[in-house]
Amino acid sequence: ARSSLKVLVTGAAGQIGYAIVPMIARGVMLGPDQPVILHLLDIEPAAEALNGVKMELIDAAFPLLKGVIATTDPIEACMGVNIAVMVGGFPRKEGMERKDVMSKNVSIYKAQASALEKHAAEDCKVGKPLNSPVLVIANPANTNALILKEFAPSIPGKNITCLTRLDHNRALGQISESLDVQVCDVKNVIIWGNHSSTQYPDVNHATVQTSSGEKPVRELVSDDKWLNAEFITTVQQRGAAIIKARKLSSALSAASAACDHIRDWVLGTPEGTWVSMGVYSDGSYGIQPGLVYSFPVTCKKGKWSIVQGLKIDEFSRAKMDATAKELVEEKSLAYSCLN
Ligand code: NDP
């Protein structure tokens with residue numbers, strides 16, 4: 001029998017947490033043959049609710065779930081974990097300035113960096129590729145991931161990523177709806193940059209599998225105006241649209257995207273397909289190193305690599321630079337909050 005992997009979920013009593021834990025326990029994240037032990041962390045005020053989540057996990061009798069730790073102690077939660085999904089964070093409440101949320105969250109991520117660094121599985125520390133992914137979901141996701149990376153220097157930068165897969169999936173969904181094709185036949189959209197409204201959803205390299213072969217989305221969607229304007233804003237604003245409709249932020253789609261992100265990272269992307277991940281920039285596409293920026297990536301044997309050589313037109317260049325500029329500003333704001 002395969003040995004269990006320990007998966008940390010922070011903010012596990014929250015709504016994304018509630019949606020993601022059954023997915024992980026059913027094998028959606030790591031495959032139907034991989035047993036898991038869930039390490040659930042939340043803060044003291046959420047302790048009772050967290051215990052309720054643990055009770056429900058026991059009651060669901062998931063065959064793959066070999067244990068549940070529910071705790072408010074970051075050290076206990078991080079102990080020996082192989083994969084970390086960081087959902088916990090302070091939500092932006094009415095009347096709060098961006099700087100207030102930033103300040104609260106970067107402090108949390110700085111503290112969690114040291115807990116992870118000291119207590120996660122050896123693999124996580126020495127960077128054996130398969131067992132070490134860290135995924136940051138809490139907003140500002142890119143900047144929280146950056147802080148986590150910078151304050152956990154012994155975790156290889158390649159192991160720390162942030163979630164833009166939900167934006168990527170939203171883009172696939174919009175193309176599929178607009179062309180009335182199956183979403184599984186659409187691929188290779190790109191989310192560039194920040195997981196914020198400055199992100200750039202790019203369809204210039206996206207394709208659709210049709211009965212007469214693979215066709216570029218640009219060829220199938222005759223309405224350039226839609227692709228260059230409404231499509232982009234719909235994807236950028238989708239989170240707000242969900243809040244308006246549900247009176248709560250997206251949770252099941254965020255949880256599902258997080259499972260997609262880890263699964264593709266650990267088990268690999270299909271041949272000829274790339275996905276979007278927020279990763280530490282190496283200067284590819286002229287994006288300055290030292291930012292966590294969303295790029296198109298392929299994954300193999302637990303390692304991601306940025307897809308190289310895509311042609312970037314002027315329209316895309318301007319949008320990619322604008323979202324990079326926002327990340328530079330967020331980074332300096334984050335550091336000013338920590339000082
Ligand atoms: P959610 O589970 O809905 O969201 C968690 C985090 O994910 C938020 O920061 C949210 O940002 C972010 N997020 C990123 N992408 C998305 C997306 N596409 N859709 C929705 N959210 C997204 O929040 P809850 O308030 O229900 O749960 C948060 C949990 O974290 C609570 O249980 C709380 O106790 C815990 N917490 C932990 C802290 C810690 O670890 N120290 C500190 C504070 C809270 P956004 O708010 O911008 O939507």
# chains A, B, ... in the order shown; residues from 1 in each chain; ligands from 1

call {"tool": "closest_atom_pairs", "arguments": {"of": "chain A", "to": "ligand 1", "cutoff": "8 Å", "atoms": "only C-alpha atoms and all ligand atoms", "output": "CSV"}}
result
residue,atom,partner,partner_atom_place_in_ligand_line,distance
A:Thr10,CA,ligand 1,40 (O),6.0
A:Gly11,CA,ligand 1,30 (O),3.4
A:Ala12,CA,ligand 1,32 (O),5.6
A:Ala13,CA,ligand 1,32 (O),4.0
A:Gly14,CA,ligand 1,27 (O),3.2
A:Gln15,CA,ligand 1,26 (O),3.9
A:Ile16,CA,ligand 1,2 (O),3.7
A:Gly17,CA,ligand 1,2 (O),5.6
A:Tyr18,CA,ligand 1,2 (O),7.7
A:Leu41,CA,ligand 1,40 (O),7.3
A:Asp42,CA,ligand 1,37 (C),5.4
A:Ile43,CA,ligand 1,34 (O),5.2
A:Glu44,CA,ligand 1,34 (O),7.7
A:Pro45,CA,ligand 1,34 (O),6.7
A:Ala46,CA,ligand 1,34 (O),5.1
A:Leu50,CA,ligand 1,32 (O),7.8
A:Val87,CA,ligand 1,5 (C),4.9
A:Gly88,CA,ligand 1,30 (O),3.5
A:Gly89,CA,ligand 1,43 (C),4.2
A:Phe90,CA,ligand 1,43 (C),4.0
A:Pro91,CA,ligand 1,46 (O),3.6
A:Arg92,CA,ligand 1,46 (O),5.3
A:Lys104,CA,ligand 1,42 (C),7.9
A:Asn105,CA,ligand 1,42 (C),7.3
A:Ile108,CA,ligand 1,41 (N),5.3
A:Gln112,CA,ligand 1,40 (O),8.0
A:Ile137,CA,ligand 1,14 (C),4.7
A:Ala138,CA,ligand 1,9 (O),3.5
A:Asn139,CA,ligand 1,9 (O),4.3
A:Pro140,CA,ligand 1,47 (O),6.9
A:Ala141,CA,ligand 1,14 (C),6.4
A:Leu163,CA,ligand 1,15 (N),7.1
A:Leu166,CA,ligand 1,18 (N),6.2
A:Asp167,CA,ligand 1,18 (N),7.5
A:His195,CA,ligand 1,15 (N),7.6
A:Gly239,CA,ligand 1,18 (N),6.0
A:Leu248,CA,ligand 1,3 (O),7.5
A:Ser249,CA,ligand 1,20 (C),4.8
A:Ser250,CA,ligand 1,19 (N),4.3
A:Ala251,CA,ligand 1,20 (C),5.5
A:Ser253,CA,ligand 1,18 (N),7.5
A:Ala254,CA,ligand 1,18 (N),5.1

call {"tool": "write_last_selection", "arguments": {"atoms": "N, CA and C atoms", "output": "tab-separated table (two decimals), in the first residue's frame"}}
result
chain	number	residue	atom	x	y	z
A	10	THR	N	-4.68	25.48	5.59
A	10	THR	CA	-4.86	26.54	6.59
A	10	THR	C	-6.19	27.25	6.30
A	11	GLY	N	-6.75	27.88	7.30
A	11	GLY	CA	-8.07	28.52	7.13
A	11	GLY	C	-9.13	27.47	6.84
A	12	ALA	N	-8.93	26.27	7.43
A	12	ALA	CA	-9.74	25.11	7.04
A	12	ALA	C	-11.19	25.20	7.51
A	13	ALA	N	-11.49	26.11	8.45
A	13	ALA	CA	-12.88	26.25	8.87
A	13	ALA	C	-13.64	27.25	7.99
A	14	GLY	N	-12.96	27.85	7.05
A	14	GLY	CA	-13.60	28.83	6.17
A	14	GLY	C	-14.34	28.16	5.03
A	15	GLN	N	-14.89	28.97	4.14
A	15	GLN	CA	-15.73	28.35	3.11
A	15	GLN	C	-14.95	27.63	2.00
A	16	ILE	N	-13.78	28.13	1.63
A	16	ILE	CA	-12.98	27.35	0.67
A	16	ILE	C	-12.51	26.06	1.35
A	17	GLY	N	-12.12	26.20	2.61
A	17	GLY	CA	-11.68	25.03	3.38
A	17	GLY	C	-12.76	23.96	3.39
A	18	TYR	N	-13.98	24.38	3.63
A	18	TYR	CA	-15.10	23.42	3.72
A	18	TYR	C	-15.33	22.72	2.38
A	41	LEU	N	-5.66	23.64	9.90
A	41	LEU	CA	-5.29	24.73	10.81
A	41	LEU	C	-6.28	25.86	10.69
A	42	ASP	N	-6.67	26.41	11.82
A	42	ASP	CA	-7.40	27.67	11.79
A	42	ASP	C	-7.07	28.44	13.06
A	43	ILE	N	-7.63	29.64	13.19
A	43	ILE	CA	-7.30	30.45	14.36
A	43	ILE	C	-8.28	30.15	15.50
A	44	GLU	N	-7.91	30.58	16.71
A	44	GLU	CA	-8.67	30.27	17.91
A	44	GLU	C	-10.19	30.52	17.78
A	45	PRO	N	-10.62	31.70	17.29
A	45	PRO	CA	-12.07	31.94	17.21
A	45	PRO	C	-12.81	30.92	16.34
A	46	ALA	N	-12.07	30.23	15.46
A	46	ALA	CA	-12.71	29.27	14.56
A	46	ALA	C	-12.52	27.83	15.03
A	50	LEU	N	-13.89	24.42	13.34
A	50	LEU	CA	-12.89	23.52	12.76
A	50	LEU	C	-13.11	22.09	13.26
A	87	VAL	N	-4.95	28.62	2.68
A	87	VAL	CA	-6.20	29.33	2.39
A	87	VAL	C	-6.46	30.41	3.42
A	88	GLY	N	-5.92	30.24	4.62
A	88	GLY	CA	-6.24	31.14	5.73
A	88	GLY	C	-5.75	32.55	5.48
A	89	GLY	N	-6.63	33.48	5.71
A	89	GLY	CA	-6.22	34.86	5.55
A	89	GLY	C	-7.32	35.77	6.02
A	90	PHE	N	-6.95	37.00	6.23
A	90	PHE	CA	-7.90	37.99	6.70
A	90	PHE	C	-8.69	38.54	5.53
A	91	PRO	N	-10.00	38.44	5.55
A	91	PRO	CA	-10.76	38.97	4.42
A	91	PRO	C	-10.83	40.48	4.49
A	92	ARG	N	-10.97	41.10	3.31
A	92	ARG	CA	-11.12	42.56	3.30
A	92	ARG	C	-12.56	42.90	3.66
A	104	LYS	N	-2.23	42.86	7.64
A	104	LYS	CA	-2.63	41.67	8.40
A	104	LYS	C	-2.13	40.40	7.73
A	105	ASN	N	-2.30	40.33	6.42
A	105	ASN	CA	-1.99	39.08	5.74
A	105	ASN	C	-0.49	38.83	5.58
A	108	ILE	N	0.74	37.40	8.75
A	108	ILE	CA	0.37	35.99	8.89
A	108	ILE	C	1.32	35.12	8.07
A	112	GLN	N	3.80	32.18	9.22
A	112	GLN	CA	3.62	30.80	8.75
A	112	GLN	C	4.85	30.30	7.99
A	137	ILE	N	-3.42	30.60	-1.48
A	137	ILE	CA	-4.71	31.02	-2.06
A	137	ILE	C	-5.16	32.36	-1.48
A	138	ALA	N	-4.90	32.56	-0.18
A	138	ALA	CA	-5.38	33.78	0.49
A	138	ALA	C	-4.85	35.03	-0.20
A	139	ASN	N	-5.69	36.02	-0.30
A	139	ASN	CA	-5.32	37.28	-0.96
A	139	ASN	C	-4.56	38.24	-0.04
A	140	PRO	N	-3.71	39.05	-0.56
A	140	PRO	CA	-3.23	39.13	-1.95
A	140	PRO	C	-2.31	37.94	-2.27
A	141	ALA	N	-2.82	36.97	-3.06
A	141	ALA	CA	-2.18	35.67	-3.17
A	141	ALA	C	-0.73	35.75	-3.65
A	163	LEU	N	-2.29	30.66	-6.50
A	163	LEU	CA	-3.39	30.16	-7.34
A	163	LEU	C	-3.87	31.20	-8.35
A	166	LEU	N	-7.93	29.32	-10.94
A	166	LEU	CA	-9.36	29.64	-11.01
A	166	LEU	C	-9.61	30.63	-12.13
A	167	ASP	N	-8.75	31.62	-12.26
A	167	ASP	CA	-8.90	32.60	-13.35
A	167	ASP	C	-8.74	31.89	-14.70
A	195	HIS	N	-3.19	37.88	-9.33
A	195	HIS	CA	-4.55	37.39	-9.11
A	195	HIS	C	-5.36	38.56	-8.55
A	239	GLY	N	-15.02	37.14	-9.95
A	239	GLY	CA	-15.10	36.98	-8.50
A	239	GLY	C	-16.16	37.90	-7.92
A	248	LEU	N	-21.66	35.62	-1.17
A	248	LEU	CA	-20.46	35.00	-0.59
A	248	LEU	C	-19.46	34.87	-1.72
A	249	SER	N	-18.17	34.85	-1.38
A	249	SER	CA	-17.20	34.72	-2.47
A	249	SER	C	-17.15	33.28	-2.96
A	250	SER	N	-16.56	33.12	-4.15
A	250	SER	CA	-16.52	31.80	-4.76
A	250	SER	C	-15.77	30.83	-3.86
A	251	ALA	N	-16.29	29.64	-3.72
A	251	ALA	CA	-15.64	28.67	-2.85
A	251	ALA	C	-15.45	27.33	-3.56
A	253	SER	N	-15.53	26.65	-6.75
A	253	SER	CA	-14.66	26.77	-7.92
A	253	SER	C	-13.22	27.04	-7.50
A	254	ALA	N	-13.04	27.78	-6.40
A	254	ALA	CA	-11.69	28.04	-5.91
A	254	ALA	C	-11.07	26.74	-5.40

call {"tool": "residues_around", "arguments": {"residues": "stretch 184-193 of chain A", "least_positions_apart": "4", "cutoff": "7 Å", "atoms": "only C-alpha atoms", "output": "ChimeraX atom specification"}}
result
/A:164,167-168,171-172,176,199-203,205-209,273-276,293-296,320,323-324

call {"tool": "closest_atom_pairs", "arguments": {"of": "stretch 289-339 of chain A", "to": "stretch 212-233 of chain A", "cutoff": "12 Å", "atoms": "only C-alpha atoms", "output": "JSON lines"}}
result
{"residue": "A:Phe315", "atom": "CA", "partner": "A:Asn228", "partner_atom": "CA", "distance": 9.0}
{"residue": "A:Ser316", "atom": "CA", "partner": "A:Asn228", "partner_atom": "CA", "distance": 10.0}
{"residue": "A:Lys319", "atom": "CA", "partner": "A:Ile232", "partner_atom": "CA", "distance": 10.7}

call {"tool": "residues_around", "arguments": {"residues": "A:Ala115", "least_positions_apart": "6", "cutoff": "7 Å", "atoms": "only C-alpha atoms", "output": "PyMOL selection string"}}
result
chain A and resi 74-75+78

call {"tool": "write_last_selection", "arguments": {"atoms": "all heavy atoms", "output": "mmCIF file, in the first residue's frame"}}
result
data_model
loop_
_atom_site.group_PDB
_atom_site.id
_atom_site.type_symbol
_atom_site.label_atom_id
_atom_site.label_comp_id
_atom_site.auth_asym_id
_atom_site.auth_seq_id
_atom_site.Cartn_x
_atom_site.Cartn_y
_atom_site.Cartn_z
ATOM 1 N N PRO A 74 0.084 26.389 14.777
ATOM 2 C CA PRO A 74 0.747 26.289 13.471
ATOM 3 C C PRO A 74 1.864 25.242 13.446
ATOM 4 O O PRO A 74 2.095 24.609 12.419
ATOM 5 C CB PRO A 74 1.325 27.688 13.246
ATOM 6 C CG PRO A 74 0.603 28.581 14.176
ATOM 7 C CD PRO A 74 0.126 27.749 15.324
ATOM 8 N N ILE A 75 2.532 25.051 14.573
ATOM 9 C CA ILE A 75 3.641 24.088 14.583
ATOM 10 C C ILE A 75 3.101 22.666 14.446
ATOM 11 O O ILE A 75 3.568 21.877 13.622
ATOM 12 C CB ILE A 75 4.493 24.265 15.849
ATOM 13 C CG1 ILE A 75 5.168 25.636 15.766
ATOM 14 C CG2 ILE A 75 5.542 23.147 15.986
ATOM 15 C CD1 ILE A 75 5.913 26.054 16.997
ATOM 16 N N CYS A 78 1.900 22.158 10.871
ATOM 17 C CA CYS A 78 2.923 22.077 9.814
ATOM 18 C C CYS A 78 3.792 20.830 9.935
ATOM 19 O O CYS A 78 4.530 20.493 9.000
ATOM 20 C CB CYS A 78 3.825 23.310 9.849
ATOM 21 S SG CYS A 78 2.992 24.802 9.291
#

call {"tool": "residues_around", "arguments": {"residues": "A:Val279", "least_positions_apart": "2", "cutoff": "6 Å", "atoms": "only C-alpha atoms", "output": "compact mmCIF listing (two decimals) with C-alpha atoms, in the first residue's frame"}}
result
# COMPACT_ATOMS: atom_id res chain seq x y z
CA THR A 161 3.28 29.11 -5.91
CA MET A 277 0.36 29.21 -12.11
CA VAL A 292 5.41 36.00 -7.96
CA TYR A 293 3.73 36.35 -11.36

call {"tool": "closest_residue", "arguments": {"among": "A:Ile242, A:Leu146, A:Ile175, A:Val81", "to": "A:Leu327", "atoms": "only C-alpha atoms"}}
result
A:Leu146

call {"tool": "atom_distance", "arguments": {"atom1": "atom CA of A:Tyr109", "atom2": "atom CA of A:Glu94"}}
result
22.3 Å

call {"tool": "select_by_dssp", "arguments": {"residues": "stretch 71-311 of chain A", "states": "strand (DSSP E or B)", "output": "count of residues only"}}
result
47

call {"tool": "closest_residue", "arguments": {"among": "A:Gly52, A:Asp100, A:Val85, A:Asp321", "to": "A:Cys259", "atoms": "only C-alpha atoms"}}
result
A:Val85

call {"tool": "select_by_dssp", "arguments": {"residues": "stretch 219-326 of chain A", "states": "alpha helix (DSSP H)", "output": "VMD selection string"}}
result
chain A and resid 219 to 220 224 to 225 231 to 236 238 to 246 252 to 267 314 to 326

call {"tool": "atom_distance", "arguments": {"atom1": "atom CA of A:Val183", "atom2": "atom CA of A:Gly302"}}
result
25.3 Å

call {"tool": "closest_residue", "arguments": {"among": "A:Ala318, A:Val101, A:Ala1, A:Met96", "to": "A:Leu64", "atoms": "only C-alpha atoms"}}
result
A:Ala1

call {"tool": "atom_distance", "arguments": {"atom1": "atom CA of A:Gly309", "atom2": "atom CA of A:Gln174"}}
result
25.7 Å

call {"tool": "closest_residue", "arguments": {"among": "A:Pro22, A:Lys6, A:Val106, A:Met55", "to": "A:Lys331", "atoms": "only C-alpha atoms"}}
result
A:Val106

call {"tool": "closest_residue", "arguments": {"among": "A:Ser281, A:Asn159, A:Ser107, A:Thr198", "to": "A:Ile147", "atoms": "only C-alpha atoms"}}
result
A:Ser107
